[in-house]
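Text of coords_36.csv, listed as CSV, C-alpha atoms:
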```csv
chain,number,residue,atom,x,y,z
A,1,MET,CA,-46.2,-18.7,67.9
A,2,GLU,CA,-42.5,-18.9,67.0
A,3,PRO,CA,-41.1,-16.2,64.7
A,4,GLU,CA,-41.1,-17.1,61.1
A,5,ASN,CA,-37.6,-15.9,60.5
A,6,GLN,CA,-35.7,-16.8,57.4
A,7,PRO,CA,-31.9,-16.3,57.0
A,8,PRO,CA,-31.2,-13.2,54.8
A,9,SER,CA,-29.3,-13.6,51.6
A,10,THR,CA,-25.7,-12.4,52.0
A,11,ALA,CA,-24.4,-13.0,48.4
A,12,ALA,CA,-24.0,-9.9,46.3
A,13,PRO,CA,-24.2,-10.0,42.5
A,14,ALA,CA,-20.9,-10.5,40.8
A,15,ALA,CA,-21.5,-7.6,38.4
A,16,ASN,CA,-21.9,-5.1,41.3
A,17,GLN,CA,-18.7,-6.4,43.0
A,18,ALA,CA,-16.7,-5.9,39.8
A,19,GLU,CA,-18.1,-2.4,39.3
A,20,SER,CA,-17.3,-1.5,42.9
A,21,ALA,CA,-13.7,-2.7,42.5
A,22,LEU,CA,-13.1,-0.6,39.4
A,23,THR,CA,-14.7,2.6,40.7
A,24,PRO,CA,-12.2,5.0,42.3
A,25,ALA,CA,-12.8,6.0,45.9
A,26,PRO,CA,-14.0,9.6,46.4
A,27,ALA,CA,-11.7,12.1,47.9
A,28,GLY,CA,-12.1,13.2,51.5
A,29,PRO,CA,-13.3,11.4,54.6
A,30,ALA,CA,-15.6,8.4,54.0
A,31,PRO,CA,-19.2,8.8,54.9
A,32,PRO,CA,-20.4,6.9,58.0
A,33,ALA,CA,-21.6,3.4,57.2
A,34,GLN,CA,-25.4,3.0,57.1
A,35,PRO,CA,-27.0,-0.1,58.8
A,36,ALA,CA,-28.4,-2.7,56.5
A,37,THR,CA,-32.1,-2.2,57.4
A,38,GLU,CA,-33.2,-5.1,55.3
A,39,ASP,CA,-31.3,-7.6,57.6
A,40,GLU,CA,-32.7,-6.1,60.8
A,41,PRO,CA,-35.8,-7.7,62.4
A,42,TYR,CA,-39.1,-5.8,62.2
A,43,ARG,CA,-39.7,-3.4,65.1
A,44,GLY,CA,-42.7,-2.2,67.0
A,45,LEU,CA,-46.2,-3.0,65.7
A,46,ARG,CA,-44.9,-4.2,62.4
A,47,TRP,CA,-42.9,-6.9,64.1
A,48,ILE,CA,-46.0,-8.0,66.1
A,49,PHE,CA,-48.2,-8.4,63.0
A,50,ILE,CA,-45.8,-9.0,60.1
A,51,GLY,CA,-43.0,-11.6,59.6
A,52,PRO,CA,-40.9,-12.6,56.6
A,53,GLN,CA,-43.8,-14.6,55.2
A,54,GLY,CA,-46.3,-11.8,55.6
A,55,LEU,CA,-49.0,-11.8,58.2
A,56,ARG,CA,-48.0,-13.9,61.1
A,57,ALA,CA,-49.7,-17.3,61.5
A,58,GLY,CA,-51.5,-16.6,64.8
A,59,TRP,CA,-53.2,-13.5,63.4
A,60,SER,CA,-54.0,-15.3,60.2
A,61,VAL,CA,-55.8,-18.1,62.2
A,62,LEU,CA,-57.7,-15.6,64.3
A,63,ILE,CA,-58.9,-13.6,61.3
A,64,PHE,CA,-59.8,-16.8,59.4
A,65,LEU,CA,-61.9,-18.1,62.3
A,66,PHE,CA,-63.6,-14.8,62.7
A,67,LEU,CA,-64.5,-14.5,59.0
A,68,THR,CA,-65.7,-18.1,58.8
A,69,LEU,CA,-68.0,-17.7,61.8
A,70,LEU,CA,-69.3,-14.3,60.6
A,71,PHE,CA,-70.1,-15.6,57.1
A,72,MET,CA,-71.8,-18.7,58.6
A,73,GLN,CA,-73.9,-16.5,60.9
A,74,VAL,CA,-75.0,-14.2,58.0
A,75,LEU,CA,-75.7,-17.0,55.5
A,76,GLY,CA,-77.4,-19.1,58.2
A,77,THR,CA,-79.7,-16.3,59.1
A,78,ALA,CA,-80.6,-15.6,55.5
A,79,ALA,CA,-81.2,-19.3,54.8
A,80,SER,CA,-83.4,-19.7,57.9
A,81,LEU,CA,-85.5,-16.7,56.9
A,82,PHE,CA,-85.9,-18.1,53.4
A,83,VAL,CA,-86.9,-21.6,54.6
A,84,HIS,CA,-89.4,-20.3,57.1
A,85,LYS,CA,-90.8,-17.3,55.4
A,86,VAL,CA,-90.7,-18.3,51.7
A,87,LEU,CA,-90.8,-22.1,51.7
A,88,HIS,CA,-92.9,-22.3,54.9
A,89,ALA,CA,-90.9,-25.4,55.9
A,90,ARG,CA,-89.5,-26.6,59.2
A,91,THR,CA,-85.9,-27.4,60.0
A,92,GLY,CA,-84.3,-29.5,62.7
A,93,SER,CA,-84.5,-33.1,61.4
A,94,PHE,CA,-81.5,-34.8,59.8
A,95,THR,CA,-82.7,-35.1,56.2
A,96,PRO,CA,-80.7,-34.9,53.0
A,97,VAL,CA,-82.3,-31.5,52.1
A,98,SER,CA,-81.4,-30.0,55.5
A,99,ALA,CA,-77.9,-31.5,55.3
A,100,VAL,CA,-77.4,-30.0,51.8
A,101,ILE,CA,-78.5,-26.5,53.1
A,102,VAL,CA,-76.3,-26.6,56.1
A,103,GLY,CA,-73.4,-28.0,54.1
A,104,LEU,CA,-73.8,-25.2,51.4
A,105,ILE,CA,-73.8,-22.5,54.1
A,106,GLU,CA,-70.6,-23.9,55.7
A,107,PHE,CA,-68.9,-24.4,52.3
A,108,LEU,CA,-69.7,-20.8,51.1
A,109,ALA,CA,-68.6,-19.4,54.4
A,110,LEU,CA,-65.3,-21.3,54.2
A,111,LEU,CA,-64.8,-20.3,50.6
A,112,GLY,CA,-65.4,-16.6,51.4
A,113,ALA,CA,-63.1,-16.7,54.4
A,114,GLY,CA,-60.4,-18.6,52.5
A,115,ALA,CA,-60.5,-16.3,49.5
A,116,LEU,CA,-60.2,-13.2,51.7
A,117,MET,CA,-57.3,-14.8,53.6
A,118,ALA,CA,-55.6,-15.7,50.3
A,119,LEU,CA,-55.9,-12.1,49.2
A,120,ILE,CA,-54.6,-10.8,52.5
A,121,GLU,CA,-51.6,-13.2,52.5
A,122,GLY,CA,-50.9,-12.9,48.8
A,123,ARG,CA,-51.4,-16.6,48.1
A,124,ASN,CA,-53.4,-18.7,45.8
A,125,ILE,CA,-56.4,-20.3,47.6
A,126,LEU,CA,-55.2,-23.7,46.4
A,127,ALA,CA,-51.9,-23.2,48.3
A,128,TYR,CA,-53.6,-24.3,51.5
A,129,ASN,CA,-52.8,-28.0,51.0
A,130,LEU,CA,-54.9,-28.3,47.8
A,131,THR,CA,-52.1,-28.3,45.2
A,132,GLY,CA,-50.0,-31.1,43.8
A,133,PRO,CA,-50.4,-33.8,41.2
A,134,ARG,CA,-53.0,-36.5,40.9
A,135,ARG,CA,-55.7,-34.6,42.7
A,136,PRO,CA,-58.7,-36.3,41.1
A,137,GLN,CA,-57.1,-39.7,41.7
A,138,HIS,CA,-56.4,-38.8,45.3
A,139,PHE,CA,-60.0,-37.8,45.9
A,140,LEU,CA,-61.5,-40.9,44.2
A,141,VAL,CA,-59.2,-43.3,46.0
A,142,GLY,CA,-59.9,-41.6,49.3
A,143,LEU,CA,-63.7,-41.9,48.6
A,144,ALA,CA,-63.3,-45.6,48.1
A,145,ALA,CA,-61.1,-46.0,51.2
A,146,GLY,CA,-63.6,-44.2,53.4
A,147,PHE,CA,-66.5,-46.4,52.3
A,148,LEU,CA,-64.4,-49.5,52.5
A,149,ALA,CA,-63.2,-48.8,56.1
A,150,LEU,CA,-66.8,-48.0,57.2
A,151,SER,CA,-68.1,-51.2,55.6
A,152,ALA,CA,-65.4,-53.2,57.5
A,153,LEU,CA,-66.7,-51.6,60.7
A,154,ILE,CA,-70.3,-52.3,59.9
A,155,GLY,CA,-69.3,-55.9,59.1
A,156,MET,CA,-67.6,-56.3,62.5
A,157,LEU,CA,-70.6,-54.9,64.3
A,158,ALA,CA,-73.0,-57.2,62.4
A,159,ALA,CA,-70.9,-60.2,62.9
A,160,GLY,CA,-70.8,-59.6,66.7
A,161,GLY,CA,-74.5,-59.2,66.9
A,162,TRP,CA,-74.2,-55.5,67.8
A,163,LEU,CA,-76.0,-54.2,64.7
A,164,HIS,CA,-79.1,-55.5,63.0
A,165,PHE,CA,-80.6,-54.5,59.7
A,166,GLY,CA,-84.2,-54.0,58.7
A,167,PRO,CA,-85.7,-54.1,55.2
A,168,VAL,CA,-84.8,-51.7,52.4
A,169,THR,CA,-86.9,-48.5,52.8
A,170,LEU,CA,-86.4,-46.9,49.4
A,171,SER,CA,-87.5,-48.0,45.9
A,172,GLY,CA,-87.3,-46.9,42.3
A,173,THR,CA,-86.0,-43.5,41.7
A,174,GLN,CA,-85.9,-42.7,45.4
A,175,ILE,CA,-82.8,-44.8,45.7
A,176,PHE,CA,-80.9,-42.7,43.2
A,177,THR,CA,-82.4,-39.4,44.4
A,178,PHE,CA,-81.5,-39.8,48.0
A,179,ALA,CA,-78.1,-41.3,47.1
A,180,ALA,CA,-77.3,-38.1,45.1
A,181,LEU,CA,-78.7,-35.7,47.7
A,182,TRP,CA,-76.7,-37.4,50.6
A,183,GLY,CA,-73.7,-37.5,48.3
A,184,VAL,CA,-73.8,-33.7,47.7
A,185,ALA,CA,-74.4,-33.1,51.4
A,186,PHE,CA,-71.4,-35.1,52.5
A,187,LEU,CA,-69.2,-33.8,49.7
A,188,LEU,CA,-69.9,-30.3,51.1
A,189,THR,CA,-69.2,-31.5,54.6
A,190,GLY,CA,-65.9,-33.0,53.5
A,191,PHE,CA,-64.9,-29.8,51.8
A,192,PHE,CA,-65.9,-27.7,54.9
A,193,GLU,CA,-64.4,-29.8,57.7
A,194,GLU,CA,-61.2,-30.8,55.8
A,195,GLY,CA,-60.9,-27.4,54.2
A,196,SER,CA,-61.0,-25.8,57.6
A,197,PHE,CA,-58.8,-28.2,59.6
A,198,ARG,CA,-56.6,-30.0,57.1
A,199,CYS,CA,-56.3,-27.2,54.6
A,200,TYR,CA,-56.2,-23.7,56.1
A,201,LEU,CA,-55.5,-24.4,59.7
A,202,GLN,CA,-53.0,-27.2,59.2
A,203,PHE,CA,-51.1,-25.2,56.5
A,204,THR,CA,-51.1,-21.9,58.5
A,205,LEU,CA,-50.2,-23.4,61.8
A,206,THR,CA,-47.4,-25.4,60.3
A,207,ARG,CA,-45.6,-22.2,59.2
A,208,GLY,CA,-45.7,-20.6,62.6
A,209,ILE,CA,-46.1,-22.9,65.5
A,210,ASN,CA,-43.8,-24.7,68.0
A,211,PHE,CA,-44.5,-27.1,70.7
A,212,TRP,CA,-45.2,-24.6,73.5
A,213,TRP,CA,-47.7,-22.7,71.4
A,214,ALA,CA,-49.4,-26.0,70.5
A,215,PHE,CA,-49.4,-27.0,74.1
A,216,GLY,CA,-51.0,-23.7,75.2
A,217,ILE,CA,-53.8,-24.0,72.6
A,218,VAL,CA,-54.5,-27.6,73.7
A,219,VAL,CA,-54.5,-26.7,77.4
A,220,VAL,CA,-56.9,-23.8,76.8
A,221,THR,CA,-59.2,-26.1,74.8
A,222,CYS,CA,-59.3,-28.7,77.6
A,223,ALA,CA,-59.7,-26.1,80.3
A,224,TYR,CA,-62.7,-24.6,78.4
A,225,LEU,CA,-64.4,-28.0,78.3
A,226,ALA,CA,-63.7,-28.7,82.0
A,227,ILE,CA,-65.2,-25.4,83.1
A,228,PHE,CA,-68.1,-24.9,80.7
A,229,VAL,CA,-69.1,-28.3,79.3
A,230,ARG,CA,-70.7,-31.0,81.3
A,231,GLY,CA,-70.8,-34.7,80.4
A,232,SER,CA,-68.5,-37.5,79.6
A,233,ALA,CA,-68.0,-36.6,75.9
A,234,SER,CA,-65.2,-34.2,76.9
A,235,TRP,CA,-63.0,-37.1,78.0
A,236,GLY,CA,-62.5,-38.0,74.3
A,237,VAL,CA,-60.8,-34.6,73.8
A,238,TYR,CA,-58.7,-35.0,77.0
A,239,ALA,CA,-57.6,-38.5,75.8
A,240,ALA,CA,-56.6,-37.1,72.3
A,241,ALA,CA,-54.7,-34.2,73.9
A,242,LEU,CA,-52.8,-36.4,76.2
A,243,LEU,CA,-52.0,-39.0,73.5
A,244,GLY,CA,-50.3,-36.3,71.4
A,245,LEU,CA,-48.4,-34.6,74.2
A,246,PHE,CA,-45.1,-36.6,74.4
A,247,PRO,CA,-44.8,-37.5,70.7
A,248,CYS,CA,-45.0,-33.8,69.7
A,249,LEU,CA,-42.5,-32.8,72.4
A,250,ILE,CA,-40.0,-35.5,71.2
A,251,VAL,CA,-40.6,-34.7,67.5
A,252,ASN,CA,-40.2,-31.0,68.0
A,253,GLN,CA,-36.9,-31.5,69.8
A,254,LYS,CA,-35.4,-34.0,67.3
A,255,SER,CA,-36.9,-32.8,63.9
A,256,ALA,CA,-36.3,-29.9,61.6
A,257,PRO,CA,-38.5,-26.9,62.5
A,258,ARG,CA,-40.9,-27.3,59.7
A,259,SER,CA,-41.3,-31.0,60.3
A,260,GLY,CA,-41.9,-30.4,64.0
A,261,GLY,CA,-44.3,-27.6,63.2
A,262,PHE,CA,-46.4,-29.9,61.0
A,263,TRP,CA,-46.9,-32.5,63.7
A,264,CYS,CA,-47.5,-29.9,66.4
A,265,ALA,CA,-50.1,-28.4,64.1
A,266,ALA,CA,-51.6,-31.8,63.5
A,267,TRP,CA,-51.9,-32.2,67.3
A,268,VAL,CA,-53.8,-28.9,67.6
A,269,THR,CA,-56.1,-29.4,64.6
A,270,SER,CA,-57.0,-33.0,65.6
A,271,THR,CA,-57.8,-32.0,69.2
A,272,LEU,CA,-59.9,-29.1,67.9
A,273,PHE,CA,-61.6,-31.5,65.5
A,274,GLY,CA,-62.7,-33.6,68.4
A,275,PHE,CA,-63.7,-30.5,70.3
A,276,ILE,CA,-66.2,-29.2,67.7
A,277,HIS,CA,-68.1,-32.6,67.9
A,278,VAL,CA,-68.7,-32.4,71.6
A,279,GLY,CA,-71.9,-30.5,71.2
A,280,ASN,CA,-73.5,-33.2,68.9
A,281,PRO,CA,-76.6,-34.9,70.5
A,282,ASN,CA,-76.0,-38.3,72.1
A,283,GLU,CA,-72.2,-38.1,71.8
A,284,ALA,CA,-69.9,-40.2,74.0
A,285,TRP,CA,-66.2,-40.0,74.8
A,286,ILE,CA,-65.4,-42.8,72.4
A,287,GLY,CA,-67.0,-41.0,69.4
A,288,ILE,CA,-65.2,-37.8,70.3
A,289,PHE,CA,-61.9,-39.5,70.6
A,290,ALA,CA,-62.5,-41.3,67.3
A,291,ALA,CA,-63.2,-37.9,65.6
A,292,ALA,CA,-59.9,-36.6,67.0
A,293,PHE,CA,-58.1,-39.8,66.0
A,294,ILE,CA,-59.4,-39.8,62.4
A,295,GLY,CA,-58.5,-36.1,62.2
A,296,PHE,CA,-54.9,-37.0,62.9
A,297,VAL,CA,-55.0,-39.8,60.3
A,298,PHE,CA,-56.2,-37.2,57.8
A,299,CYS,CA,-53.2,-35.1,58.7
A,300,VAL,CA,-51.0,-38.1,58.0
A,301,SER,CA,-52.7,-38.4,54.6
A,302,VAL,CA,-51.9,-34.8,53.8
A,303,ARG,CA,-48.2,-35.5,54.7
A,304,VAL,CA,-47.9,-38.7,52.5
A,305,THR,CA,-50.0,-37.6,49.5
A,306,GLY,CA,-49.0,-33.9,49.5
A,307,SER,CA,-52.6,-32.5,49.6
A,308,ALA,CA,-55.9,-32.8,51.4
A,309,TRP,CA,-57.8,-34.3,48.5
A,310,TRP,CA,-57.5,-37.9,49.7
A,311,ALA,CA,-58.8,-36.8,53.1
A,312,ILE,CA,-61.7,-35.0,51.6
A,313,GLY,CA,-62.7,-38.0,49.6
A,314,CYS,CA,-62.3,-40.4,52.6
A,315,HIS,CA,-64.4,-38.1,54.8
A,316,ALA,CA,-67.2,-38.0,52.3
A,317,GLY,CA,-67.1,-41.7,51.6
A,318,TRP,CA,-67.3,-42.6,55.2
A,319,ASP,CA,-70.2,-40.3,56.0
A,320,TRP,CA,-72.2,-41.3,52.9
A,321,GLY,CA,-71.8,-45.0,53.7
A,322,GLU,CA,-72.7,-44.5,57.4
A,323,THR,CA,-75.7,-42.3,56.9
A,324,TYR,CA,-77.3,-43.2,53.5
A,325,PHE,CA,-76.2,-46.7,52.6
A,326,TYR,CA,-76.2,-48.5,56.0
A,327,GLY,CA,-78.7,-46.1,57.7
A,328,THR,CA,-76.8,-45.8,61.0
A,329,ALA,CA,-76.6,-42.8,63.3
A,330,ASP,CA,-73.8,-40.4,62.4
A,331,SER,CA,-72.1,-38.7,65.4
A,332,GLY,CA,-75.4,-39.0,67.3
A,333,LEU,CA,-77.6,-37.9,64.4
A,334,SER,CA,-80.2,-40.3,63.1
A,335,PRO,CA,-80.9,-39.9,59.4
A,336,GLN,CA,-84.1,-39.8,57.4
A,337,GLY,CA,-84.1,-41.2,53.8
A,338,SER,CA,-81.5,-43.9,54.0
A,339,TYR,CA,-81.2,-47.0,51.8
A,340,LEU,CA,-81.0,-49.5,54.7
A,341,ILE,CA,-82.3,-49.3,58.3
A,342,SER,CA,-80.1,-50.5,61.1
A,343,HIS,CA,-80.5,-50.7,64.9
A,344,PRO,CA,-77.7,-51.1,67.5
A,345,SER,CA,-78.0,-53.9,70.0
A,346,GLY,CA,-76.1,-55.0,73.1
A,347,ASN,CA,-73.4,-53.2,75.1
A,348,VAL,CA,-73.0,-49.6,73.9
A,349,LEU,CA,-69.2,-49.9,74.2
A,350,TRP,CA,-69.4,-52.4,71.3
A,351,SER,CA,-72.6,-51.3,69.5
A,352,GLY,CA,-72.0,-47.6,69.8
A,353,GLY,CA,-75.6,-47.1,70.9
A,354,ALA,CA,-77.2,-43.8,69.9
A,355,VAL,CA,-73.9,-42.4,68.8
A,356,GLY,CA,-73.7,-44.8,65.9
A,357,PRO,CA,-70.7,-47.0,64.8
A,358,GLU,CA,-68.3,-44.1,65.7
A,359,GLY,CA,-69.3,-44.7,69.4
A,360,SER,CA,-68.1,-48.3,69.3
A,361,LEU,CA,-64.6,-49.4,70.4
A,362,LEU,CA,-64.3,-51.2,67.1
A,363,VAL,CA,-64.1,-47.8,65.4
A,364,LEU,CA,-60.5,-47.7,66.4
A,365,ALA,CA,-59.7,-50.7,64.3
A,366,ALA,CA,-61.5,-49.1,61.3
A,367,ILE,CA,-59.4,-45.9,61.8
A,368,LEU,CA,-56.2,-47.9,61.9
A,369,LEU,CA,-57.4,-49.5,58.6
A,370,ILE,CA,-57.7,-46.0,57.1
A,371,LEU,CA,-54.3,-45.1,58.4
A,372,ALA,CA,-52.8,-48.2,56.7
A,373,LEU,CA,-54.6,-47.4,53.5
A,374,ALA,CA,-53.4,-43.8,53.5
A,375,LEU,CA,-49.8,-44.9,54.1
A,376,VAL,CA,-49.8,-47.7,51.4
A,377,TYR,CA,-51.5,-45.4,48.9
A,378,GLY,CA,-49.1,-42.5,49.8
A,379,ARG,CA,-46.1,-44.7,49.2
A,380,TRP,CA,-47.4,-46.0,45.9
A,381,SER,CA,-48.4,-42.5,44.7
A,382,ALA,CA,-44.9,-41.2,45.5
A,383,ARG,CA,-43.3,-43.9,43.5
A,384,ALA,CA,-45.8,-43.4,40.6
A,385,THR,CA,-45.3,-39.6,40.4
A,386,PRO,CA,-42.3,-38.6,38.4
A,387,THR,CA,-39.9,-36.4,40.4
A,388,ALA,CA,-39.4,-32.9,39.1
A,389,ALA,CA,-35.9,-32.0,38.0
```
Spit out the file's structure as C-alpha cells when you get a sec.
Amino acid sequence: MEPENQPPSTAAPAANQAESALTPAPAGPAPPAQPATEDEPYRGLRWIFIGPQGLRAGWSVLIFLFLTLLFMQVLGTAASLFVHKVLHARTGSFTPVSAVIVGLIEFLALLGAGALMALIEGRNILAYNLTGPRRPQHFLVGLAAGFLALSALIGMLAAGGWLHFGPVTLSGTQIFTFAALWGVAFLLTGFFEEGSFRCYLQFTLTRGINFWWAFGIVVVTCAYLAIFVRGSASWGVYAAALLGLFPCLIVNQKSAPRSGGFWCAAWVTSTLFGFIHVGNPNEAWIGIFAAAFIGFVFCVSVRVTGSAWWAIGCHAGWDWGETYFYGTADSGLSPQGSYLISHPSGNVLWSGGAVGPEGSLLVLAAILLILALALVYGRWSARATPTAA
C-alpha cells in the first residue's frame, strides 16, 4: 500500500526566530550542522511497520482480520458447547434464535477486534466511519429505505408471477415475538457486516491504498476462487471485480490521493463482500454480484452521509423485510418463523429460485433504487446540516 506520507511543517515559531536573531554567535568555529531527523523518512523495520499516521494500513487490516476470526472461533466454540451441552439443543436451521446467537458472536468478535485496533492505533472506535451528526436519523432513514427497496422488488416479482404468497403463518403474540427476534438478529448482522466492511476496512484502506494495491487484492481474490472454489457463483465476484477496474484506474489518476483511495477501497471491500457470500447454500452468480453491488452502494452512502449509519439501517431493513415479513429465502437460506410464506415460480433468472429475491435480475433495479435514495438523502442531509465554522 502506498506510503502514508504527510508534508512536514517548515514554519518556525516567531518567538524562536526573534530570540535567535538577538542571541550573539559563540566565538570559535561553528559546530557541524545536525540533520533534521524529524523530516527524514523512517528507516529499517520502523519504516516497514510505522508511518506518519501510526501503524500502516496493510498491517492494520491483517491484524484486524486475524483478531476478528480468532474471536469468532473462540466465541463460536463456547456458544456451540453451551447450546449442545447445557441447552441440549440442535443448531443448523435458519431460525430467529440461531440467527441471534450467530449475530451476537459476530458482533462481539467485531467489537473486540475493533476496540483492540482502536487502542493500537490510538483512535476512538467511532472514528471508523461512525462519527458525524444526525446518526440516529441516518440509521432510521436507512432502515426505511432498505425495507422500501425490498418491498419494491417483492412487488415486481409478484406482479410478474414469479413469486406467490401463502397464508399468514403466525398469530397473536407470535407476530410480535418473531418480529422482535428477527429484528435483533438482523440489527446484529447489519452491525457486523457494515462494521467490518464499510467501517473498519473502508476507513483503514482509504488512508493507505492506491490503485495497484487494490488491483492486487482483487486479483488474488479472484484467483483464489478460480483455483479452490467450484460452481458458477464465483462469476458474480469476477463481474464485480471487472466492473470496478477501469473506473478506479481513471479516478485514481484524476482525483486527489484521498478521494482516489476511497474509491479504490470501495472496489476492494465490495468485491470482498461478494466473496464472503459465495459459500452460502444455493447461491448463484446473480446473488453474489448483487451482494457486491449493494456493498458498493453502501460505500457511496458512507461518502454522501459521512458515516455508515445509513448503511447499517438499510442493511437491517432489507434483511428483516426479506426474511421475516415476506418469508423469502435470504441469500439461499430459507427462514423458519416468518410472517408470510412465499414461493418462487418460473424462470430462476427472474424469480431468483432457491437464492431468493437477491438471485433475480430484478434485484439490480432495487439496488439502483437504494442508490438513488442514498444520493437524494445525502444531498438533503448535507443541506440540512449547518456547516461548522
Write out as a PDB file with C-alpha atoms, in the frame of the given file each polymer residue whose atoms come within 12 Å of A:Gly306, counting all atoms listed in the file; drop sequence neighbours fewer than 3 positions from it.
```pdb
ATOM      1  CA  ALA A 127     -51.900 -23.200  48.300  1.00  0.00           C
ATOM      2  CA  TYR A 128     -53.600 -24.300  51.500  1.00  0.00           C
ATOM      3  CA  ASN A 129     -52.800 -28.000  51.000  1.00  0.00           C
ATOM      4  CA  LEU A 130     -54.900 -28.300  47.800  1.00  0.00           C
ATOM      5  CA  THR A 131     -52.100 -28.300  45.200  1.00  0.00           C
ATOM      6  CA  GLY A 132     -50.000 -31.100  43.800  1.00  0.00           C
ATOM      7  CA  PRO A 133     -50.400 -33.800  41.200  1.00  0.00           C
ATOM      8  CA  ARG A 134     -53.000 -36.500  40.900  1.00  0.00           C
ATOM      9  CA  ARG A 135     -55.700 -34.600  42.700  1.00  0.00           C
ATOM     10  CA  HIS A 138     -56.400 -38.800  45.300  1.00  0.00           C
ATOM     11  CA  ARG A 198     -56.600 -30.000  57.100  1.00  0.00           C
ATOM     12  CA  CYS A 199     -56.300 -27.200  54.600  1.00  0.00           C
ATOM     13  CA  PHE A 203     -51.100 -25.200  56.500  1.00  0.00           C
ATOM     14  CA  PHE A 298     -56.200 -37.200  57.800  1.00  0.00           C
ATOM     15  CA  CYS A 299     -53.200 -35.100  58.700  1.00  0.00           C
ATOM     16  CA  VAL A 300     -51.000 -38.100  58.000  1.00  0.00           C
ATOM     17  CA  SER A 301     -52.700 -38.400  54.600  1.00  0.00           C
ATOM     18  CA  VAL A 302     -51.900 -34.800  53.800  1.00  0.00           C
ATOM     19  CA  ARG A 303     -48.200 -35.500  54.700  1.00  0.00           C
ATOM     20  CA  TRP A 309     -57.800 -34.300  48.500  1.00  0.00           C
ATOM     21  CA  TRP A 310     -57.500 -37.900  49.700  1.00  0.00           C
ATOM     22  CA  ALA A 311     -58.800 -36.800  53.100  1.00  0.00           C
ATOM     23  CA  ALA A 374     -53.400 -43.800  53.500  1.00  0.00           C
ATOM     24  CA  LEU A 375     -49.800 -44.900  54.100  1.00  0.00           C
ATOM     25  CA  TYR A 377     -51.500 -45.400  48.900  1.00  0.00           C
ATOM     26  CA  GLY A 378     -49.100 -42.500  49.800  1.00  0.00           C
ATOM     27  CA  ARG A 379     -46.100 -44.700  49.200  1.00  0.00           C
ATOM     28  CA  SER A 381     -48.400 -42.500  44.700  1.00  0.00           C
ATOM     29  CA  ALA A 382     -44.900 -41.200  45.500  1.00  0.00           C
ATOM     30  CA  THR A 385     -45.300 -39.600  40.400  1.00  0.00           C
TER      31      THR A 385
END
```
(request) Choose the residue, out of A:Ala365, A:Val304, A:Leu373, A:Val168, that has the smallest atom-to-atom separation from A:Gly327; count only C-alpha atoms. (result) A:Val168
(request) Work out how far apart atom CA of A:Ala366 and atom CA of A:Leu150 are and give it in Å to one decimal. (result)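 A separation of 6.8 Å between them.
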(request) Between atom CA of A:Arg56 and atom CA of A:Phe107, measure the distance and give it in Å to one decimal. (result) 25.0 Å
(request) Mind checking which residues fall within 12 Å of A:Gln73, counting all atoms listed in the file, ignoring those fewer than 3 positions away in the same chain, and posting them as a ChimeraX atom specification? (result) /A:66-70,76-80,102,105-106,108-110
(request) Find the residues near A:Ser345: any atom within 9 Å, counting all atoms listed in the file, skip ones fewer than 2 places away on the same chain, and give them as an NGL selection string. (result) :A and (161-164 or 343 or 347-348 or 350-353)
(request) State, in Å with one decimal place, the distance from atom CA of A:Phe64 to atom CA of A:Tyr200. (result)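 Rounded to one decimal, the two atoms are 8.5 Å apart.
If you measure from each of A:Leu349, A:Ala292, A:Met72, A:Leu104 to A:Thr269 using all atoms listed in the file, the closest one turns out to be A:Ala292.
Counting all atoms listed in the file and comparing A:Leu361, A:Val355, A:Ile175, A:Ile217, the residue that lies closest to A:His277 is A:Val355.
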Incomplete stretch 211-222 of chain A brought to N, CA and C atoms, written out as a CSV table (one decimal), in the coordinates of the input:
```csv
chain,number,residue,atom,x,y,z
A,211,PHE,N,-43.8,-26.3,69.8
A,211,PHE,CA,-44.5,-27.1,70.7
A,211,PHE,C,-45.2,-26.4,71.8
A,212,TRP,N,-44.6,-25.3,72.3
A,212,TRP,CA,-45.2,-24.6,73.5
A,212,TRP,C,-46.5,-23.8,73.1
A,213,TRP,N,-46.5,-23.3,71.9
A,213,TRP,CA,-47.7,-22.7,71.4
A,213,TRP,C,-48.8,-23.7,71.2
A,214,ALA,N,-48.4,-24.9,70.7
A,214,ALA,CA,-49.4,-26.0,70.5
A,214,ALA,C,-49.9,-26.5,71.9
A,215,PHE,N,-49.0,-26.6,72.8
A,215,PHE,CA,-49.4,-27.0,74.1
A,215,PHE,C,-50.3,-26.0,74.8
A,216,GLY,N,-50.1,-24.8,74.6
A,216,GLY,CA,-51.0,-23.7,75.2
A,216,GLY,C,-52.4,-23.8,74.6
A,217,ILE,N,-52.5,-24.0,73.3
A,217,ILE,CA,-53.8,-24.0,72.6
A,217,ILE,C,-54.5,-25.3,73.1
A,218,VAL,N,-53.9,-26.4,73.2
A,218,VAL,CA,-54.5,-27.6,73.7
A,218,VAL,C,-55.0,-27.5,75.1
A,219,VAL,N,-54.1,-26.9,76.0
A,219,VAL,CA,-54.5,-26.7,77.4
A,219,VAL,C,-55.7,-25.8,77.5
A,220,VAL,N,-55.8,-24.7,76.8
A,220,VAL,CA,-56.9,-23.8,76.8
A,220,VAL,C,-58.2,-24.5,76.4
A,221,THR,N,-58.1,-25.3,75.3
A,221,THR,CA,-59.2,-26.1,74.8
A,221,THR,C,-59.8,-27.0,75.9
A,222,CYS,N,-58.9,-27.8,76.5
A,222,CYS,CA,-59.3,-28.7,77.6
A,222,CYS,C,-59.9,-28.0,78.8
```
